[in-house]
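Visitor: Encoded as structure tokens, here's the structure I'll be asking about.
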Amino acid sequence: RCLSDWSSDVCSSDLHGSAYEYLRNKVFNANDFFSKEAGQARQKWNQNQYGFTLSGPILKEKAFYLGTFEGFSSRLASPSPTNVPTDAMKNGVFAGEHLVDASGLCNISYDASTNSSTIPSTCLDSSAAIMKGYWPEPNDASNTSSNYFAAPVTGNDGKQYNVRVDYNLSDKQRLFARYTYWGMSDLGQNEFNNANGFLTVNSHSDNRTQQGVLGDTFTFNPTTILDLRLSYMRQFFDNNPASLGVDEAKFGPAYAALSSQMTYKVNPTIHLFGGHNLYLFYPMVVLSDDTWDTYALTANVTKIRGSHTLKVGGEVRLLDRSSTGNYDGNSGAFDF
């Protein structure tokens, strides 16, 4: 009864509906290999995907509606064996290494009997003294390749709405309007569950898309149909570090002196290089804000001639993007 690109339920005079739930949970899963190796229980895995549809008449044989909703939520643990500095390293003592300060500014002592080097406390950088507190204590002495095990939880929250109304203007003309919203938030992951907001994998991000469409289908005769579409879509995507707006003076006097010159104030990245394969706080401060707008006008004519169907049409589309840029490590990096 209704010519459209959706299910025939849209144009039915009866009420239709459905609901569903899709569930995943750790109680249904076997233990992860790395968790089992570290003697840990099954890690968190919760996922829910649920929704409903509802359609029916507004005006009998004239106007009809269709509405849908879908929600999504997941919380997943990511078993992550890695290496963190030992207390000795944090205090400048490195076993099995002969360290030399090429600049000659710091008198590093070396004990050949233990093959260890000690950096004097007077040479320890003031920022390093603060930042070393972001690493936890080793907790996995049984593993020969890593000394720390964690299963940080990350996840997503999303919602989608669709609303459509079809209207039979006459036997030859059908109109419809549709609005769609889809949004998804990605949660930043905190590898060490630090209360100080140092997200160690990524920033929190949001992705929201909205679209509106108007359609007009006109039947000139049984063999000739005109189809028109006018649409607008906006997509928004951002990354927001949990540390945005932080007082950078807490990272030491050098950062305090630079803070006034920084457009965006976030936690600095931390790089530790060398043979210890220590966990790096990078990347974790990506900051961006992007918006895409798309305007489109489409027209198609369908012509049936005997056993042949001919279709011709065209589209005019305008795309516009605005962005605040993408800043990765905007507050600099601390390298050791």
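Chain identifiers are assigned as A, B, and so on, following the order in which chains appear in the structure tokens; residues are numbered from 1 within each chain, and ligands are numbered from 1 in order of appearance.
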Enumerate as number ranges by chain all residues of stretch 63-262 of chain A assigned to strand (DSSP E or B) by DSSP on the backbone, naming them with the chain letters and numbers the document uses.
Guide: A: 63-77, 80-82, 93-95, 109-111, 116-118, 148-150, 153-168, 173-186, 204-221, 224-240
Visitor: Per residue of stretch 210-280 of chain A within 9 Å of stretch 174-191 of chain A, record the nearest atom pair and its distance in Å to one decimal, counting only C-alpha atoms, with rows in chain order and ascending residue number, as a tab-separated table.
Guide:
```
residue	atom	partner	partner_atom	distance
A:Gln210	CA	A:Tyr181	CA	4.5
A:Gln211	CA	A:Thr180	CA	5.2
A:Gly212	CA	A:Tyr179	CA	4.6
A:Val213	CA	A:Arg178	CA	5.2
A:Leu214	CA	A:Ala177	CA	4.6
A:Gly215	CA	A:Phe176	CA	5.2
A:Asp216	CA	A:Leu175	CA	4.6
A:Thr217	CA	A:Arg174	CA	5.2
A:Phe218	CA	A:Arg174	CA	6.6
A:Thr219	CA	A:Arg174	CA	8.7
A:Pro241	CA	A:Gly188	CA	8.1
A:Ala242	CA	A:Gly188	CA	8.1
```
Visitor: Output as a Markdown table one row per residue of stretch 58-102 of chain A within 12 Å of stretch 145-158 of chain A: the closest atom pair and its distance in Å to one decimal place, counting only C-alpha atoms, sorted by chain and residue number ascending.
Guide:
```
| residue | atom | partner | partner_atom | distance |
| --- | --- | --- | --- | --- |
| A:Phe69 | CA | A:Gly158 | CA | 10.8 |
| A:Glu70 | CA | A:Gly158 | CA | 8.2 |
| A:Gly71 | CA | A:Gly158 | CA | 5.7 |
| A:Phe72 | CA | A:Gly158 | CA | 4.8 |
| A:Ser73 | CA | A:Asp157 | CA | 4.6 |
| A:Ser74 | CA | A:Gly155 | CA | 5.0 |
| A:Arg75 | CA | A:Gly155 | CA | 4.5 |
| A:Leu76 | CA | A:Val153 | CA | 5.3 |
| A:Ala77 | CA | A:Val153 | CA | 4.2 |
| A:Ser78 | CA | A:Ala151 | CA | 4.9 |
| A:Pro79 | CA | A:Ala151 | CA | 4.2 |
| A:Ser80 | CA | A:Ala150 | CA | 5.4 |
| A:Pro81 | CA | A:Phe149 | CA | 4.5 |
| A:Thr82 | CA | A:Ser146 | CA | 5.1 |
| A:Asn83 | CA | A:Ser146 | CA | 5.0 |
| A:Val84 | CA | A:Tyr148 | CA | 6.5 |
| A:Pro85 | CA | A:Asn147 | CA | 9.0 |
| A:Thr86 | CA | A:Asn147 | CA | 9.0 |
```
Visitor: With only C-alpha atoms as the atoms that count, which of A:Glu21, A:Asp101, A:Asp289, A:Glu61 lies nearest to A:Asn239?
Guide: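 Counting only C-alpha atoms, the residue closest to A:Asn239 is A:Asp289.
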Visitor: What is the atom CA of A:Trp135 to atom CA of A:Asp87 distance in Å?
Guide: 10.1 Å
Visitor: What is the atom CA of A:Asp32 to atom CA of A:Tyr279 distance in Å?
Guide: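 If I compute the distance from atom CA of A:Asp32 to atom CA of A:Tyr279, I get 21.4 Å.
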Visitor: Applying 7 Å and only C-alpha atoms, which residues near stretch 116-132 of chain A remain after dropping the ones on its own chain fewer than 5 positions away? List them as a short mmCIF file (atom, residue, chain, number, x, y, z; two decimals) with N, CA, C and O atoms, in the first residue's frame.
Guide:
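And here is the file that came out, result-v6.cif:
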```cif
data_model
loop_
_atom_site.label_atom_id
_atom_site.label_comp_id
_atom_site.auth_asym_id
_atom_site.auth_seq_id
_atom_site.Cartn_x
_atom_site.Cartn_y
_atom_site.Cartn_z
N LYS A 90 63.32 3.36 40.64
CA LYS A 90 62.73 4.66 40.98
C LYS A 90 63.67 5.49 41.85
O LYS A 90 63.59 6.73 41.85
N GLY A 92 66.96 5.32 41.46
CA GLY A 92 68.19 5.54 40.72
C GLY A 92 69.16 4.38 40.72
O GLY A 92 70.29 4.54 40.26
N VAL A 93 68.77 3.21 41.21
CA VAL A 93 69.67 2.05 41.25
C VAL A 93 69.28 1.08 40.15
O VAL A 93 68.15 0.58 40.12
N PHE A 94 70.25 0.80 39.24
CA PHE A 94 69.98 -0.07 38.11
C PHE A 94 70.94 -1.26 38.15
O PHE A 94 72.15 -1.10 37.95
N ALA A 95 70.38 -2.44 38.43
CA ALA A 95 71.19 -3.65 38.51
C ALA A 95 71.51 -4.17 37.12
O ALA A 95 70.70 -4.06 36.19
N GLY A 96 72.72 -4.72 36.97
CA GLY A 96 73.12 -5.31 35.71
C GLY A 96 73.45 -4.31 34.63
O GLY A 96 73.47 -4.66 33.45
N GLU A 97 73.72 -3.06 35.03
CA GLU A 97 74.01 -2.03 34.02
C GLU A 97 75.15 -1.14 34.48
O GLU A 97 75.27 -0.80 35.67
N HIS A 98 75.94 -0.72 33.52
CA HIS A 98 77.01 0.24 33.77
C HIS A 98 76.61 1.55 33.08
O HIS A 98 76.78 1.71 31.87
N LEU A 99 76.04 2.46 33.86
CA LEU A 99 75.55 3.73 33.31
C LEU A 99 76.64 4.78 33.35
O LEU A 99 77.42 4.86 34.31
N CYS A 106 76.87 14.56 36.15
CA CYS A 106 76.39 13.74 37.25
C CYS A 106 77.37 12.59 37.48
O CYS A 106 77.72 11.85 36.56
N ILE A 108 77.80 9.28 38.38
CA ILE A 108 77.10 8.02 38.59
C ILE A 108 78.10 6.99 39.10
O ILE A 108 79.14 6.76 38.48
N SER A 109 77.79 6.38 40.23
CA SER A 109 78.70 5.37 40.81
C SER A 109 78.38 4.00 40.23
O SER A 109 77.23 3.66 39.97
N TYR A 110 79.42 3.22 40.03
CA TYR A 110 79.26 1.87 39.49
C TYR A 110 79.96 0.89 40.41
O TYR A 110 81.11 1.07 40.81
N ASP A 111 79.25 -0.17 40.79
CA ASP A 111 79.78 -1.22 41.66
C ASP A 111 80.01 -2.46 40.81
O ASP A 111 79.05 -3.14 40.42
N PHE A 251 53.76 19.01 38.03
CA PHE A 251 54.79 18.16 37.44
C PHE A 251 56.19 18.74 37.62
O PHE A 251 57.15 18.25 37.02
N GLY A 252 56.31 19.79 38.39
CA GLY A 252 57.63 20.34 38.66
C GLY A 252 57.78 21.78 38.18
O GLY A 252 56.95 22.29 37.42
#
```
Visitor: If we count only C-alpha atoms, what is near A:Arg317 at a cut-off of 10 Å, once residues fewer than 6 positions away on the same chain are taken out, given as a compact mmCIF listing (two decimals) with N, CA, C and O atoms, in the first residue's frame?
Guide:
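Written file, part-v4.txt:
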```txt
# COMPACT_ATOMS: atom_id res chain seq x y z
N SER A 231 18.42 15.65 1.99
CA SER A 231 18.93 15.15 3.26
C SER A 231 20.02 16.06 3.83
O SER A 231 20.69 16.81 3.10
N TYR A 232 20.17 15.94 5.14
CA TYR A 232 21.23 16.65 5.86
C TYR A 232 21.77 15.70 6.93
O TYR A 232 21.01 15.04 7.64
N THR A 294 26.99 17.28 5.84
CA THR A 294 26.76 16.83 4.48
C THR A 294 25.34 17.18 4.06
O THR A 294 24.37 16.79 4.73
N TYR A 295 25.22 17.93 2.96
CA TYR A 295 23.91 18.31 2.40
C TYR A 295 23.79 17.62 1.05
O TYR A 295 24.72 17.63 0.24
N ALA A 296 22.63 17.02 0.78
CA ALA A 296 22.49 16.27 -0.47
C ALA A 296 21.08 16.42 -1.04
O ALA A 296 20.09 16.45 -0.30
N LEU A 297 21.01 16.55 -2.37
CA LEU A 297 19.75 16.56 -3.12
C LEU A 297 19.88 15.53 -4.22
O LEU A 297 20.82 15.57 -5.03
N THR A 298 18.94 14.57 -4.26
CA THR A 298 19.00 13.47 -5.21
C THR A 298 17.67 13.37 -5.95
O THR A 298 16.60 13.52 -5.35
```
Visitor: Would you return as a list in words the members of stretch 114-162 of chain A that DSSP assigns to helix (DSSP H, G or I) on this structure's backbone?
Guide: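 Here is the list: Ser121, Thr122, Cys123, Ser126, Ser127, Ala128, Ala129, Ile130, Met131, Lys132, Gly133 and Tyr134 of chain A.
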Visitor: Between A:Pro253, A:Pro268, A:Gly56, A:Gly67, which residue has the minimum interatomic distance to A:Phe334, considering only C-alpha atoms?
Guide: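 Closest to A:Phe334 of all the choices is A:Pro268.
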Visitor: Quick one, how far is atom CA of A:Pro138 from atom CA of A:Met89?
Guide: 11.8 Å
Visitor: Would you mind listing what lies within 10 Å of stretch 222-224 of chain A as a PDB file with N, CA, C and O atoms, in the first residue's frame, with only C-alpha atoms counted and same-chain residues fewer than 5 positions away left out?
Guide:
```
ATOM      1  N   LYS A 172      -1.096   8.902  -6.368  1.00  0.00           N
ATOM      2  CA  LYS A 172       0.105   9.040  -7.181  1.00  0.00           C
ATOM      3  C   LYS A 172       1.315   9.575  -6.411  1.00  0.00           C
ATOM      4  O   LYS A 172       2.436   9.507  -6.920  1.00  0.00           O
ATOM      5  N   VAL A 301      14.624   9.116 -11.935  1.00  0.00           N
ATOM      6  CA  VAL A 301      13.433   8.788 -12.717  1.00  0.00           C
ATOM      7  C   VAL A 301      13.559   7.337 -13.173  1.00  0.00           C
ATOM      8  O   VAL A 301      14.592   6.934 -13.727  1.00  0.00           O
ATOM      9  N   THR A 302      12.514   6.556 -12.933  1.00  0.00           N
ATOM     10  CA  THR A 302      12.461   5.160 -13.358  1.00  0.00           C
ATOM     11  C   THR A 302      11.422   5.015 -14.470  1.00  0.00           C
ATOM     12  O   THR A 302      10.283   5.486 -14.334  1.00  0.00           O
ATOM     13  N   LYS A 303      11.827   4.376 -15.563  1.00  0.00           N
ATOM     14  CA  LYS A 303      10.937   4.194 -16.708  1.00  0.00           C
ATOM     15  C   LYS A 303      10.927   2.716 -17.097  1.00  0.00           C
ATOM     16  O   LYS A 303      11.981   2.102 -17.303  1.00  0.00           O
ATOM     17  N   ILE A 304       9.735   2.144 -17.191  1.00  0.00           N
ATOM     18  CA  ILE A 304       9.578   0.753 -17.588  1.00  0.00           C
ATOM     19  C   ILE A 304       9.083   0.705 -19.023  1.00  0.00           C
ATOM     20  O   ILE A 304       8.060   1.311 -19.364  1.00  0.00           O
ATOM     21  N   ARG A 305       9.831   0.019 -19.875  1.00  0.00           N
ATOM     22  CA  ARG A 305       9.462  -0.136 -21.287  1.00  0.00           C
ATOM     23  C   ARG A 305       9.536  -1.616 -21.624  1.00  0.00           C
ATOM     24  O   ARG A 305      10.635  -2.181 -21.779  1.00  0.00           O
ATOM     25  N   GLY A 306       8.391  -2.247 -21.695  1.00  0.00           N
ATOM     26  CA  GLY A 306       8.340  -3.670 -21.992  1.00  0.00           C
ATOM     27  C   GLY A 306       9.044  -4.471 -20.928  1.00  0.00           C
ATOM     28  O   GLY A 306       8.737  -4.362 -19.730  1.00  0.00           O
ATOM     29  N   THR A 309      13.803  -2.015 -17.692  1.00  0.00           N
ATOM     30  CA  THR A 309      13.625  -0.955 -16.703  1.00  0.00           C
ATOM     31  C   THR A 309      14.807  -0.001 -16.820  1.00  0.00           C
ATOM     32  O   THR A 309      15.967  -0.405 -16.643  1.00  0.00           O
ATOM     33  N   LEU A 310      14.538   1.255 -17.110  1.00  0.00           N
ATOM     34  CA  LEU A 310      15.571   2.281 -17.251  1.00  0.00           C
ATOM     35  C   LEU A 310      15.509   3.210 -16.053  1.00  0.00           C
ATOM     36  O   LEU A 310      14.433   3.589 -15.596  1.00  0.00           O
ATOM     37  N   LYS A 311      16.686   3.594 -15.558  1.00  0.00           N
ATOM     38  CA  LYS A 311      16.732   4.499 -14.419  1.00  0.00           C
ATOM     39  C   LYS A 311      17.833   5.527 -14.642  1.00  0.00           C
ATOM     40  O   LYS A 311      18.967   5.168 -14.988  1.00  0.00           O
TER      41      LYS A 311
END
```
